[in-house]
>>> print(open('target-v2.txt').read())   # compact mmCIF, C-alpha atoms
# COMPACT_ATOMS: atom_id res chain seq x y z
CA MET A 16 6.99 -18.88 -5.33
CA ASP A 17 8.69 -18.71 -8.73
CA LEU A 18 6.01 -16.35 -10.01
CA PHE A 19 6.77 -14.04 -7.05
CA PHE A 20 10.41 -13.67 -8.08
CA ILE A 21 9.50 -13.16 -11.74
CA ILE A 22 7.22 -10.27 -10.75
CA ILE A 23 9.88 -8.77 -8.42
CA ILE A 24 12.59 -8.89 -11.09
CA SER A 25 10.19 -7.43 -13.70
CA ILE A 26 9.48 -4.45 -11.42
CA ILE A 27 13.21 -3.83 -10.89
CA SER A 28 13.87 -4.18 -14.64
CA LEU A 29 11.24 -1.56 -15.39
CA GLY A 30 13.04 0.80 -13.00
CA ALA A 31 16.36 -0.07 -14.63
CA LEU A 32 14.85 0.80 -18.02
CA PHE A 33 14.04 4.34 -16.81
CA GLY A 34 17.57 4.62 -15.42
CA LEU A 35 18.97 3.45 -18.75
CA ILE A 36 16.97 6.08 -20.68
CA ARG A 37 18.46 8.75 -18.40
CA PHE A 38 21.90 7.23 -18.91
CA ILE A 39 21.56 7.54 -22.70
CA LYS A 40 19.78 10.93 -22.73
CA GLY A 41 21.46 12.67 -19.75
CA PRO A 42 22.63 16.10 -20.95
CA THR A 43 25.83 16.18 -18.85
CA THR A 44 28.42 13.69 -17.61
CA SER A 45 27.20 14.02 -14.01
CA ASP A 46 23.67 12.99 -14.99
CA ARG A 47 25.02 9.86 -16.63
CA VAL A 48 27.10 9.01 -13.58
CA VAL A 49 24.06 9.36 -11.30
CA ALA A 50 22.10 7.03 -13.55
CA LEU A 51 25.04 4.59 -13.43
CA ASP A 52 25.07 4.77 -9.63
CA THR A 53 21.37 3.93 -9.44
CA LEU A 54 21.77 1.10 -11.95
CA SER A 55 24.65 -0.41 -9.97
CA ALA A 56 22.60 -0.32 -6.75
CA MET A 57 19.90 -2.24 -8.64
CA LEU A 58 22.43 -4.73 -9.95
CA ILE A 59 23.79 -5.40 -6.44
CA ALA A 60 20.29 -6.12 -5.18
CA VAL A 61 19.47 -8.37 -8.15
CA LEU A 62 22.71 -10.33 -7.71
CA VAL A 63 21.84 -11.10 -4.09
CA LEU A 64 18.35 -12.07 -5.18
CA LEU A 65 19.76 -14.41 -7.85
CA ALA A 66 22.04 -15.97 -5.23
CA PHE A 67 18.92 -16.87 -3.27
CA ILE A 68 16.91 -18.10 -6.27
CA PHE A 69 19.66 -20.37 -7.63
CA ASP A 70 21.09 -21.14 -4.17
CA ARG A 71 24.63 -20.07 -5.10
CA TYR A 72 26.54 -18.52 -2.19
CA ILE A 73 29.31 -17.19 -4.44
CA TYR A 74 26.98 -14.58 -6.01
CA ILE A 75 26.86 -12.77 -2.66
CA ASP A 76 30.64 -12.33 -2.75
CA VAL A 77 30.35 -11.09 -6.33
CA SER A 78 27.81 -8.46 -5.32
CA LEU A 79 29.99 -7.34 -2.37
CA ILE A 80 32.99 -6.87 -4.67
CA TYR A 81 30.78 -5.07 -7.19
CA ALA A 82 29.61 -2.68 -4.47
CA VAL A 83 33.20 -1.89 -3.41
CA LEU A 84 34.48 -1.42 -6.97
CA GLY A 85 31.44 0.68 -7.96
CA PHE A 86 32.03 2.95 -4.98
CA ILE A 87 35.69 3.48 -5.91
CA GLY A 88 34.69 4.15 -9.53
CA ILE A 89 32.15 6.83 -8.58
CA ILE A 90 34.65 8.52 -6.24
CA THR A 91 37.24 8.56 -9.03
CA ILE A 92 34.84 10.13 -11.52
CA ALA A 93 33.81 12.72 -8.90
CA ARG A 94 37.46 13.64 -8.32
CA TYR A 95 37.93 13.92 -12.08
CA LEU A 96 34.96 16.29 -12.42
CA GLU A 97 36.37 18.40 -9.60
CA GLY A 98 39.60 18.67 -11.54
CA GLY A 99 41.94 17.23 -8.91
CA ILE A 100 42.90 13.80 -10.17
CA MET B 25 9.74 -20.56 10.79
CA GLN B 26 6.77 -19.40 8.71
CA ILE B 27 6.81 -15.88 10.14
CA PHE B 28 10.41 -15.23 9.01
CA ASP B 29 9.47 -16.23 5.47
CA TYR B 30 6.69 -13.64 5.40
CA ILE B 31 9.05 -10.94 6.75
CA GLY B 32 11.62 -11.83 4.08
CA TYR B 33 9.14 -11.73 1.20
CA PHE B 34 7.68 -8.47 2.51
CA LEU B 35 11.16 -6.83 2.66
CA ILE B 36 11.95 -8.02 -0.89
CA SER B 37 8.67 -6.61 -2.28
CA VAL B 38 9.19 -3.23 -0.58
CA GLY B 39 12.77 -3.11 -1.87
CA ALA B 40 11.70 -3.82 -5.44
CA ILE B 41 9.13 -1.01 -5.35
CA PHE B 42 11.70 1.46 -4.00
CA LEU B 43 14.26 0.45 -6.62
CA PHE B 44 11.62 1.09 -9.30
CA LEU B 45 10.86 4.51 -7.76
CA GLY B 46 14.58 5.29 -7.73
CA GLY B 47 14.81 4.61 -11.46
CA LEU B 48 11.67 6.65 -12.12
CA GLY B 49 13.04 9.51 -9.98
CA VAL B 50 16.30 9.63 -11.90
CA PHE B 51 14.27 9.73 -15.11
CA ARG B 52 11.72 12.38 -14.12
CA MET B 53 13.61 14.98 -12.02
CA PRO B 54 14.51 18.26 -13.75
CA ASP B 55 18.20 18.77 -12.87
CA PHE B 56 21.30 16.97 -11.59
CA TYR B 57 20.98 17.73 -7.86
CA THR B 58 17.36 16.63 -7.61
CA ARG B 59 18.25 13.49 -9.57
CA VAL B 60 20.95 12.63 -7.05
CA GLN B 61 18.41 13.04 -4.26
CA ALA B 62 15.86 10.74 -5.86
CA GLY B 63 18.45 8.24 -7.09
CA THR B 64 20.56 7.77 -3.97
CA LYS B 65 17.82 7.67 -1.38
CA ALA B 66 15.37 5.33 -3.05
CA SER B 67 18.00 3.01 -4.48
CA THR B 68 19.91 2.78 -1.19
CA LEU B 69 16.86 1.78 0.84
CA GLY B 70 15.62 -0.49 -1.94
CA ALA B 71 18.89 -2.40 -2.23
CA MET B 72 19.32 -2.58 1.56
CA SER B 73 15.80 -3.91 1.99
CA ILE B 74 16.14 -6.62 -0.67
CA ILE B 75 19.51 -7.79 0.65
CA LEU B 76 18.24 -7.89 4.23
CA GLY B 77 15.17 -9.80 3.02
CA VAL B 78 17.40 -12.47 1.47
CA GLY B 79 19.37 -12.59 4.73
CA VAL B 80 16.16 -13.25 6.66
CA LEU B 81 15.06 -15.98 4.23
CA GLN B 82 18.46 -17.73 4.36
CA PRO B 83 19.75 -17.42 7.96
CA GLU B 84 23.21 -18.92 7.19
CA TRP B 85 23.91 -15.94 4.92
CA PHE B 86 22.72 -13.34 7.39
CA VAL B 87 26.17 -12.07 8.50
CA LYS B 88 27.41 -11.59 4.95
CA THR B 89 24.25 -9.78 3.88
CA LEU B 90 24.52 -7.54 6.93
CA VAL B 91 28.09 -6.62 5.87
CA ILE B 92 26.81 -5.58 2.41
CA VAL B 93 23.95 -3.57 3.95
CA ILE B 94 26.30 -1.66 6.29
CA PHE B 95 28.71 -1.01 3.45
CA LEU B 96 25.90 0.37 1.25
CA ALA B 97 24.62 2.58 4.08
CA ILE B 98 28.08 4.16 4.46
CA ALA B 99 29.25 4.22 0.85
CA ASN B 100 26.19 5.37 -1.09
CA PRO B 101 25.69 8.78 0.63
CA LEU B 102 29.47 9.34 0.47
CA SER B 103 29.63 8.77 -3.27
CA SER B 104 26.60 10.95 -3.94
CA HIS B 105 28.11 13.72 -1.81
CA ALA B 106 31.42 13.50 -3.69
CA LEU B 107 29.58 13.60 -7.00
CA ALA B 108 27.51 16.67 -6.00
CA ARG B 109 30.64 18.47 -4.80
CA GLY B 110 32.55 17.65 -7.98
CA THR B 111 29.68 18.80 -10.17
CA HIS B 112 29.32 22.06 -8.25
CA LYS B 113 33.05 22.72 -8.60
CA ALA B 114 32.65 22.08 -12.34
CA HIS B 115 30.32 25.14 -12.41
CA GLN B 116 27.04 23.33 -12.97
CA LYS B 117 24.48 25.31 -11.00
CA PRO B 118 21.27 23.91 -9.50
CA ILE B 119 18.00 25.21 -10.93
CA VAL B 120 15.89 27.36 -8.60
CA LYS B 121 12.19 28.15 -8.88
CA ASP B 122 12.18 30.93 -6.27
CA GLU B 123 14.70 33.63 -7.29
CA LYS B 124 15.11 34.81 -3.69
CA ILE B 125 16.91 31.60 -2.63
CA GLU B 126 20.61 32.28 -3.11
CA ASP B 127 23.26 29.63 -3.58
CA ALA B 128 24.94 29.79 -0.13
CA TYR B 129 27.78 27.49 -1.18
CA GLU B 130 28.76 29.66 -4.13
CA ILE B 131 28.84 32.78 -1.92
CA ALA B 132 31.08 31.02 0.63
CA GLU B 133 33.43 29.86 -2.12
CA HIS B 134 33.71 33.41 -3.48
CA LYS B 135 34.58 34.69 0.00
CA ALA B 136 37.28 32.02 0.40
CA GLU B 137 38.77 32.95 -2.97
CA GLU B 138 38.86 36.66 -2.07
CA LYS B 139 40.67 35.85 1.17
CA ASN B 140 43.26 33.84 -0.73
CA ILE B 141 43.93 36.72 -3.13
CA LYS B 142 44.49 39.14 -0.27
CA MET C 1 38.57 19.60 22.19
CA LYS C 2 39.81 16.78 24.39
CA LYS C 3 43.41 15.60 24.18
CA GLU C 4 44.09 12.57 22.04
CA SER C 5 44.36 9.17 23.69
CA SER C 6 47.56 7.13 23.92
CA LYS C 7 49.20 5.33 21.02
CA ILE C 8 48.69 1.89 22.57
CA SER C 9 44.95 2.42 22.97
CA LYS C 10 44.66 3.63 19.39
CA PHE C 11 46.72 0.73 18.08
CA PHE C 12 44.72 -1.98 19.83
CA TYR C 13 41.44 -0.31 18.86
CA THR C 14 42.45 -0.40 15.20
CA TRP C 15 43.72 -3.97 15.45
CA ILE C 16 40.53 -5.33 17.05
CA PHE C 17 38.31 -3.37 14.67
CA LEU C 18 40.14 -4.72 11.61
CA PHE C 19 40.05 -8.26 12.97
CA VAL C 20 36.28 -8.10 13.54
CA LEU C 21 35.94 -6.77 9.99
CA TRP C 22 38.03 -9.73 8.74
CA MET C 23 35.76 -12.18 10.56
CA ALA C 24 32.68 -10.50 9.10
CA PHE C 25 34.05 -10.79 5.57
CA THR C 26 35.24 -14.41 5.81
CA THR C 27 32.34 -15.65 8.01
CA SER C 28 34.26 -18.78 9.03
CA LEU C 29 35.80 -19.94 12.32
CA ASP C 30 38.49 -22.05 10.63
CA ILE C 31 41.72 -21.86 12.68
CA ALA C 32 43.92 -21.08 9.65
CA GLU C 33 41.68 -18.21 8.59
CA LEU C 34 41.70 -16.76 12.11
CA ILE C 35 45.52 -16.85 12.37
CA ALA C 36 45.88 -15.23 8.94
CA GLY C 37 43.39 -12.55 10.05
CA VAL C 38 45.31 -11.80 13.25
CA PHE C 39 48.57 -11.35 11.33
CA ILE C 40 47.19 -9.31 8.46
CA SER C 41 45.19 -6.96 10.69
CA PHE C 42 48.31 -6.57 12.91
CA ILE C 43 50.44 -5.47 9.96
CA ILE C 44 47.80 -3.09 8.56
CA SER C 45 47.10 -1.51 11.95
CA LEU C 46 50.86 -0.91 12.47
CA PHE C 47 50.80 1.46 9.53
CA THR C 48 47.35 3.01 9.84
CA TYR C 49 46.52 3.48 13.55
CA LYS C 50 47.64 7.13 13.46
CA PHE C 51 44.97 8.03 10.91
CA PHE C 52 42.29 5.51 11.75
CA THR C 53 41.07 6.90 15.07
CA THR C 54 41.61 9.87 17.37
CA THR C 55 39.70 8.48 20.34
CA GLY C 56 40.88 4.89 20.86
CA PHE C 57 39.02 2.92 23.51
CA SER C 58 37.78 6.05 25.32
CA ILE C 59 34.76 6.04 22.98
CA LEU C 60 33.51 2.70 24.36
CA THR C 61 31.66 3.70 27.52
CA PRO C 62 28.18 2.28 28.28
CA LYS C 63 26.55 5.72 28.01
CA LYS C 64 28.05 6.37 24.59
CA ILE C 65 27.12 2.91 23.33
CA PHE C 66 23.55 3.49 24.53
CA TYR C 67 23.36 6.77 22.60
CA PHE C 68 24.92 5.13 19.56
CA ILE C 69 22.18 2.47 19.49
CA LYS C 70 19.56 5.19 19.97
CA TYR C 71 21.14 7.06 17.06
CA LEU C 72 20.83 3.98 14.86
CA PHE C 73 17.09 3.75 15.59
CA VAL C 74 16.51 7.45 14.90
CA PHE C 75 18.53 7.10 11.70
CA ILE C 76 16.53 4.13 10.40
CA ILE C 77 13.22 5.88 11.10
CA GLU C 78 14.42 9.01 9.29
CA LEU C 79 15.66 6.89 6.36
CA ILE C 80 12.25 5.29 5.90
CA LYS C 81 10.54 8.70 6.16
CA ALA C 82 12.95 10.07 3.54
CA ASN C 83 12.00 7.36 1.11
CA PHE C 84 8.27 7.90 1.44
CA ASP C 85 8.92 11.61 0.91
CA VAL C 86 10.86 10.97 -2.30
CA ALA C 87 8.24 8.45 -3.45
CA ARG C 88 5.47 11.00 -2.90
CA ILE C 89 7.29 13.62 -4.98
CA VAL C 90 8.29 11.24 -7.79
CA ILE C 91 4.79 9.82 -8.27
CA ASN C 92 3.07 13.23 -8.17
CA PRO C 93 2.59 14.37 -11.80
CA LYS C 94 3.32 18.03 -10.94
CA LEU C 95 6.69 17.39 -9.19
CA PRO C 96 6.15 19.74 -6.20
CA ILE C 97 9.73 20.94 -5.60
CA ASN C 98 11.38 24.24 -4.68
CA PRO C 99 15.11 23.45 -4.67
CA GLY C 100 18.09 25.51 -3.50
CA ILE C 101 21.37 25.31 -1.56
CA VAL C 102 21.27 26.54 2.05
CA GLU C 103 23.80 26.87 4.84
CA VAL C 104 23.60 24.93 8.12
CA GLU C 105 25.82 25.76 11.08
CA SER C 106 26.94 22.78 13.14
CA LYS C 107 28.05 22.83 16.78
CA LEU C 108 30.15 19.67 16.43
CA THR C 109 33.94 19.92 16.57
CA SER C 110 35.23 16.42 15.79
CA ASP C 111 35.76 15.65 12.11
CA PHE C 112 34.37 12.14 12.38
CA ALA C 113 31.16 13.38 14.01
CA LYS C 114 30.73 15.94 11.22
CA MET C 115 31.21 13.18 8.66
CA ILE C 116 28.47 11.08 10.29
CA LEU C 117 26.18 14.12 10.46
CA ALA C 118 26.75 14.89 6.76
CA ASN C 119 26.06 11.28 5.79
CA SER C 120 22.88 11.18 7.87
CA ILE C 121 21.66 14.45 6.36
CA THR C 122 22.21 13.02 2.89
CA LEU C 123 19.97 10.05 3.67
CA THR C 124 17.12 12.03 5.29
CA PRO C 125 14.07 13.75 3.74
CA GLY C 126 14.89 15.95 0.76
CA THR C 127 18.42 17.00 1.75
CA LEU C 128 21.88 16.37 0.26
CA THR C 129 25.17 17.62 1.74
CA VAL C 130 27.28 19.26 -0.96
CA ASP C 131 30.32 20.35 1.09
CA ILE C 132 31.63 21.10 4.58
CA ILE C 133 33.76 24.19 5.23
CA ASP C 134 34.91 24.49 8.89
CA ASN C 135 31.64 24.11 10.82
CA LYS C 136 29.29 25.11 8.02
CA LEU C 137 27.46 22.47 6.05
CA PHE C 138 26.11 23.36 2.61
CA VAL C 139 22.95 21.41 1.95
CA HIS C 140 20.89 21.08 -1.22
CA TRP C 141 17.26 21.09 -0.14
CA LEU C 142 14.32 19.87 -2.28
CA TYR C 143 11.74 22.25 -0.81
CA VAL C 144 13.34 25.22 0.93
CA LYS C 145 11.31 26.42 3.92
CA GLY C 146 13.64 29.30 4.91
CA THR C 147 17.24 30.39 4.39
CA ASP C 148 18.14 31.83 7.84
CA THR C 149 20.46 29.66 9.94
CA GLU C 150 17.93 29.02 12.73
CA THR C 151 15.28 27.48 10.46
CA THR C 152 17.77 25.37 8.56
CA TYR C 153 19.38 24.10 11.78
CA ASN C 154 16.05 23.15 13.35
CA GLU C 155 14.67 21.55 10.20
CA ILE C 156 17.74 19.65 9.01
CA ALA C 157 20.36 18.98 11.67
CA LYS C 158 18.69 19.14 15.09
CA THR C 159 17.43 15.53 15.34
CA PHE C 160 20.88 14.06 14.75
CA GLU C 161 23.05 16.65 16.46
CA ASP C 162 21.29 16.33 19.82
CA ILE C 163 22.43 12.71 20.00
CA LEU C 164 25.83 13.12 18.31
CA ILE C 165 26.86 15.83 20.78
CA LYS C 166 26.36 13.37 23.63
CA ILE C 167 28.58 10.78 21.94
CA TYR C 168 31.47 12.89 20.71
CA GLU C 169 31.72 16.00 22.91
>>> encode(input="target-v2.txt", output="structure tokens")
Amino acid sequence: MDLFFIIIISIISLGALFGLIRFIKGPTTSDRVVALDTLSAMLIAVLVLLAFIFDRYIYIDVSLIYAVLGFIGIITIARYLEGGI
Amino acid sequence: MQIFDYIGYFLISVGAIFLFLGGLGVFRMPDFYTRVQAGTKASTLGAMSIILGVGVLQPEWFVKTLVIVIFLAIANPLSSHALARGTHKAHQKPIVKDEKIEDAYEIAEHKAEEKNIK
Amino acid sequence: MKKESSKISKFFYTWIFLFVLWMAFTTSLDIAELIAGVFISFIISLFTYKFFTTTGFSILTPKKIFYFIKYLFVFIIELIKANFDVARIVINPKLPINPGIVEVESKLTSDFAKMILANSITLTPGTLTVDIIDNKLFVHWLYVKGTDTETTYNEIAKTFEDILIKIYE
């Protein structure tokens, strides 16, 4: 089963690479933020997956907190773009 | 409990493929609004599917994983909506291929502004 | 619009909701944790029940719960369809899109119902809610099929609104 998880994480990493290229290239701020949003969704999923692989329950809490903080961060940047912070 | 294992591994594989497609969508789409569409949808379902798959494989964690899944289902569309609204207010227009399709939101905003001036 | 329910109903609704949320986050039945949860959710609901809900317990009738569960099923099916749609477009080398922002008129009156509708639209095939002004939703659409209000309503909002009207109106 270890090979299974290696393949899964490789597929996600390939997706993350595309997201990262957009994050570096992205012509405007909004494009970069969208790439960041996608990357953070990937990171949340990978953290939960790592919790299962290494059998560490605490990683699930970490990913929950990451999801909450990421959400607040995106909302803040959106308010900033709107000009109402 | 063999059958639950297969369901879990299936959900994780599907999630990984959708996360990859989300990354590819953000990379390939031509402008901001289409990128949001590709990014939020694929990555939300991908992450939800992987997390639920882990919950099925490890039944003691199921409640906690369900909390994360529900949170993602509420929070991700909200943040992408806020981002699209902010970007539109910052005067970044969506590209259109067919010139006849007018930006209905911009027209409505103009009308609201005119009312305020009067 | 119906009149708002009583303060007591709203308060207890908020309190119980927050306590269930606490239990979901801690996932333990330890007596100390439960007591702490009761107190903390009591204090928070004292300050927030005015803003948290407008319906109170009146939303919990068997008929409404039945439609809510039906809504969840419809929503999950639409979510999966949306993803295959996006996947099809992203993989296609030509990127077959025809984007634009269109206007959708909603019949819903309650703010919370409109919020759920907007969220559901965002997660369904090729659509993204940009803003809500009064009862008009502005939706970015990946392949516009028509700009008149009837087409947009039938294509985008109808599936969800038919069920939401039964829950909230």
>>> interface_residues(input="target-v2.txt", of="chain C", to="chain A", cutoff="12 Å", atoms="only C-alpha atoms", output="MDAnalysis selection string")
chainID C and resid 25:27
>>> residues_around(input="target-v2.txt", residues="stretch 58-70 of chain B", least_positions_apart="6", cutoff="7 Å", atoms="all atoms listed in the file", output="list in words")
Val49, Thr53, Ala56 and Met57 of chain A; Gly39, Ala40, Phe42, Leu43, Leu45, Gly46, Gly47, Gly49, Val50, Leu96, Asn100, Pro101 and Ser104 of chain B; Asn83, Val86, Leu123, Gly126, Leu128 and Leu142 of chain C
>>> closest_atom_pairs(input="target-v2.txt", of="chain A", to="chain B", cutoff="7 Å", atoms="only C-alpha atoms", output="tab-separated table")
residue	atom	partner	partner_atom	distance
A:Ile23	CA	B:Ala40	CA	6.1
A:Ile26	CA	B:Phe44	CA	6.3
A:Ile27	CA	B:Phe44	CA	5.4
A:Leu29	CA	B:Phe44	CA	6.7
A:Gly30	CA	B:Phe44	CA	4.0
A:Ala31	CA	B:Gly47	CA	5.9
A:Phe33	CA	B:Gly47	CA	5.4
A:Gly34	CA	B:Gly47	CA	4.8
A:Arg37	CA	B:Phe51	CA	5.4
A:Ser45	CA	B:Thr111	CA	6.6
A:Asp46	CA	B:Phe56	CA	5.7
A:Val49	CA	B:Val60	CA	6.2
A:Ala50	CA	B:Val50	CA	6.6
A:Thr53	CA	B:Gly63	CA	5.7
A:Ala56	CA	B:Ser67	CA	6.1
A:Met57	CA	B:Ala71	CA	6.5
A:Ala60	CA	B:Ala71	CA	4.9
A:Val63	CA	B:Ile75	CA	6.2
A:Leu64	CA	B:Val78	CA	6.7
A:Phe67	CA	B:Val78	CA	6.6
A:Leu79	CA	B:Ile92	CA	6.0
A:Phe86	CA	B:Ser103	CA	6.5
A:Ile89	CA	B:Ser103	CA	6.2
A:Ile90	CA	B:Ser103	CA	5.8
A:Ala93	CA	B:Leu107	CA	4.7
A:Arg94	CA	B:Gly110	CA	6.3
A:Leu96	CA	B:Gly110	CA	5.2
A:Glu97	CA	B:Gly110	CA	4.2
>>> write_last_selection(input="target-v2.txt", atoms="C-alpha atoms", output="PDB file, in the frame of the given file")
ATOM      1  CA  ILE A  23       9.880  -8.770  -8.420  1.00  0.00           C
ATOM      2  CA  ILE A  26       9.480  -4.450 -11.420  1.00  0.00           C
ATOM      3  CA  ILE A  27      13.210  -3.830 -10.890  1.00  0.00           C
ATOM      4  CA  LEU A  29      11.240  -1.560 -15.390  1.00  0.00           C
ATOM      5  CA  GLY A  30      13.040   0.800 -13.000  1.00  0.00           C
ATOM      6  CA  ALA A  31      16.360  -0.070 -14.630  1.00  0.00           C
ATOM      7  CA  PHE A  33      14.040   4.340 -16.810  1.00  0.00           C
ATOM      8  CA  GLY A  34      17.570   4.620 -15.420  1.00  0.00           C
ATOM      9  CA  ARG A  37      18.460   8.750 -18.400  1.00  0.00           C
ATOM     10  CA  SER A  45      27.200  14.020 -14.010  1.00  0.00           C
ATOM     11  CA  ASP A  46      23.670  12.990 -14.990  1.00  0.00           C
ATOM     12  CA  VAL A  49      24.060   9.360 -11.300  1.00  0.00           C
ATOM     13  CA  ALA A  50      22.100   7.030 -13.550  1.00  0.00           C
ATOM     14  CA  THR A  53      21.370   3.930  -9.440  1.00  0.00           C
ATOM     15  CA  ALA A  56      22.600  -0.320  -6.750  1.00  0.00           C
ATOM     16  CA  MET A  57      19.900  -2.240  -8.640  1.00  0.00           C
ATOM     17  CA  ALA A  60      20.290  -6.120  -5.180  1.00  0.00           C
ATOM     18  CA  VAL A  63      21.840 -11.100  -4.090  1.00  0.00           C
ATOM     19  CA  LEU A  64      18.350 -12.070  -5.180  1.00  0.00           C
ATOM     20  CA  PHE A  67      18.920 -16.870  -3.270  1.00  0.00           C
ATOM     21  CA  LEU A  79      29.990  -7.340  -2.370  1.00  0.00           C
ATOM     22  CA  PHE A  86      32.030   2.950  -4.980  1.00  0.00           C
ATOM     23  CA  ILE A  89      32.150   6.830  -8.580  1.00  0.00           C
ATOM     24  CA  ILE A  90      34.650   8.520  -6.240  1.00  0.00           C
ATOM     25  CA  ALA A  93      33.810  12.720  -8.900  1.00  0.00           C
ATOM     26  CA  ARG A  94      37.460  13.640  -8.320  1.00  0.00           C
ATOM     27  CA  LEU A  96      34.960  16.290 -12.420  1.00  0.00           C
ATOM     28  CA  GLU A  97      36.370  18.400  -9.600  1.00  0.00           C
TER      29      GLU A  97
END
>>> atom_distance(input="target-v2.txt", atom1="atom CA of C:Leu29", atom2="atom CA of C:Phe17")
16.9 Å
>>> atom_distance(input="target-v2.txt", atom1="atom CA of C:Leu46", atom2="atom CA of C:Asp111")
22.4 Å
>>> decode(input="target-v2.txt", residues="stretch 39-86 of chain C", atoms="C-alpha atoms", output="mmCIF file, in the first residue's frame")
data_model
loop_
_atom_site.group_PDB
_atom_site.id
_atom_site.type_symbol
_atom_site.label_atom_id
_atom_site.label_comp_id
_atom_site.auth_asym_id
_atom_site.auth_seq_id
_atom_site.Cartn_x
_atom_site.Cartn_y
_atom_site.Cartn_z
ATOM 1 C CA PHE C 39 -20.700 27.433 29.687
ATOM 2 C CA ILE C 40 -18.788 28.811 26.732
ATOM 3 C CA SER C 41 -21.646 28.299 24.261
ATOM 4 C CA PHE C 42 -24.020 29.919 26.818
ATOM 5 C CA ILE C 43 -21.873 33.048 27.035
ATOM 6 C CA ILE C 44 -21.372 33.317 23.254
ATOM 7 C CA SER C 45 -25.057 32.784 22.501
ATOM 8 C CA LEU C 46 -25.995 35.538 25.012
ATOM 9 C CA PHE C 47 -24.224 38.042 22.798
ATOM 10 C CA THR C 48 -24.919 36.653 19.338
ATOM 11 C CA TYR C 49 -28.454 35.190 19.252
ATOM 12 C CA LYS C 50 -29.874 38.391 17.747
ATOM 13 C CA PHE C 51 -27.735 38.040 14.631
ATOM 14 C CA PHE C 52 -27.350 34.288 14.439
ATOM 15 C CA THR C 53 -30.877 33.302 13.405
ATOM 16 C CA THR C 54 -34.183 34.886 12.437
ATOM 17 C CA THR C 55 -36.254 31.703 12.569
ATOM 18 C CA GLY C 56 -35.381 29.937 15.836
ATOM 19 C CA PHE C 57 -36.931 26.509 16.310
ATOM 20 C CA SER C 58 -39.744 27.164 13.816
ATOM 21 C CA ILE C 59 -37.422 25.896 11.061
ATOM 22 C CA LEU C 60 -37.294 22.392 12.571
ATOM 23 C CA THR C 61 -40.482 20.772 11.278
ATOM 24 C CA PRO C 62 -40.415 17.243 9.782
ATOM 25 C CA LYS C 63 -41.422 18.526 6.332
ATOM 26 C CA LYS C 64 -38.631 21.088 6.258
ATOM 27 C CA ILE C 65 -36.056 18.580 7.480
ATOM 28 C CA PHE C 66 -37.177 16.170 4.749
ATOM 29 C CA TYR C 67 -36.688 18.855 2.092
ATOM 30 C CA PHE C 68 -33.344 19.812 3.600
ATOM 31 C CA ILE C 69 -32.067 16.236 3.250
ATOM 32 C CA LYS C 70 -33.424 16.119 -0.307
ATOM 33 C CA TYR C 71 -31.587 19.378 -0.982
ATOM 34 C CA LEU C 72 -28.338 17.854 0.252
ATOM 35 C CA PHE C 73 -28.691 14.948 -2.201
ATOM 36 C CA VAL C 74 -29.487 17.243 -5.135
ATOM 37 C CA PHE C 75 -26.532 19.418 -4.142
ATOM 38 C CA ILE C 76 -24.049 16.527 -4.025
ATOM 39 C CA ILE C 77 -25.183 15.236 -7.427
ATOM 40 C CA GLU C 78 -24.828 18.723 -8.938
ATOM 41 C CA LEU C 79 -21.383 19.104 -7.326
ATOM 42 C CA ILE C 80 -20.130 15.904 -8.943
ATOM 43 C CA LYS C 81 -21.610 16.939 -12.310
ATOM 44 C CA ALA C 82 -19.884 20.323 -11.986
ATOM 45 C CA ASN C 83 -16.532 18.683 -11.517
ATOM 46 C CA PHE C 84 -16.828 16.430 -14.538
ATOM 47 C CA ASP C 85 -17.837 19.511 -16.534
ATOM 48 C CA VAL C 86 -14.759 21.434 -15.415
#
